[in-house]
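What follows is a set of notes on a single structure, which appears directly below.
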Amino acid sequence: MNKRILLAACLIVIACVSLLTLTFVSANSRRSQQRGVDSSTDTRRVVVHATGRGNPYINFEDGVELPASYTGTPEMQSLLKQNATEPRALASADFDEDGVPDLVCGYSREGGGIITLYLGNVDSIFPNSPEAQQRKAEGTFTDSAFLTPARVFEVPIAADFVGAGDFDADGHWDVVLAARGGRELWMLPGDGKGSFLAARAIALPGAVLSLITGEINRADGLTDVVVGILADDGPKVVVFEGPEGALKAKPEIFSLPGEPKALALG
């Protein structure tokens, strides 16, 4: 009997909460209409209602398309502008070390890949700083999150997987790439100025199925690399980590009962 009473009480509470939520949303909708805002036709903003949390609303503004403006070899620029590439992956880090995150985009193309680097714009975060005011006076100010033109780098493989981290422990952010089904990683060492040095390959004992970067095991401040592969003797996960940089270390290899098609670190 006690269990039945408890169950009935829980159902009553759930019903009351649901009713209050609907009433709250309806009231807010009416208030919006009274202010002259039609939520059904306002295309500038999307509002997500998260019931039962501290601030019940999450606001999203419309996305902004980045200009198709690039610096690099004419051939790579042409491929991007003509949509002769396929976007594959994204990663973010402060590659020019100005305190603002930058954006790396990975693409596949016939016979290889491309990565583009959009530098983050400090003026979009601090538009009233003395430096931003000076650029406003010069007519060079922009509030875009990223600066253009983007820098284009040709890479030897399709950039199906892209990760960012200091993989050689030199204090600069690097990029690691892998192609789905490929049997090697490619590392592009960062120079700390928003560019990369010559790429180098790291062989893998199987075909790449997944890749993730982040801290695993001992937290040492250096980004580690974990790769899911399908080797000749079965599926495995390959872990690169070490005090001299993840991709300078000999990897640990662990067998798995199934193919690692997705990875997560926590």
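Chain lettering (A, B, ...) mirrors the order of the structure tokens, residue numbering begins at 1 for each chain separately, and ligand numbering begins at 1 in order of display.
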Name the residues of region 31-254 of chain A that fall into helix (DSSP H, G or I) according to DSSP on the backbone, using the chain letters and numbers of this document, as a ChimeraX atom specification. /A:31-34,74-81,122-124,130-138,246-248
Show me, as an NGL selection string, the residues that have an atom within 9 Å of Arg88 (chain A) when counting only C-alpha atoms, minus same-chain residues fewer than 5 positions from it. :A and (105-108 or 158-162)
Smallest atom-to-atom distance to Gly228 (chain A): which of A:Lys250, A:Asn59, A:Arg200, A:Arg183, using only C-alpha atoms?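 Ranking A:Lys250, A:Asn59, A:Arg200, A:Arg183 by distance to Gly228 (chain A), first place goes to A:Arg183.
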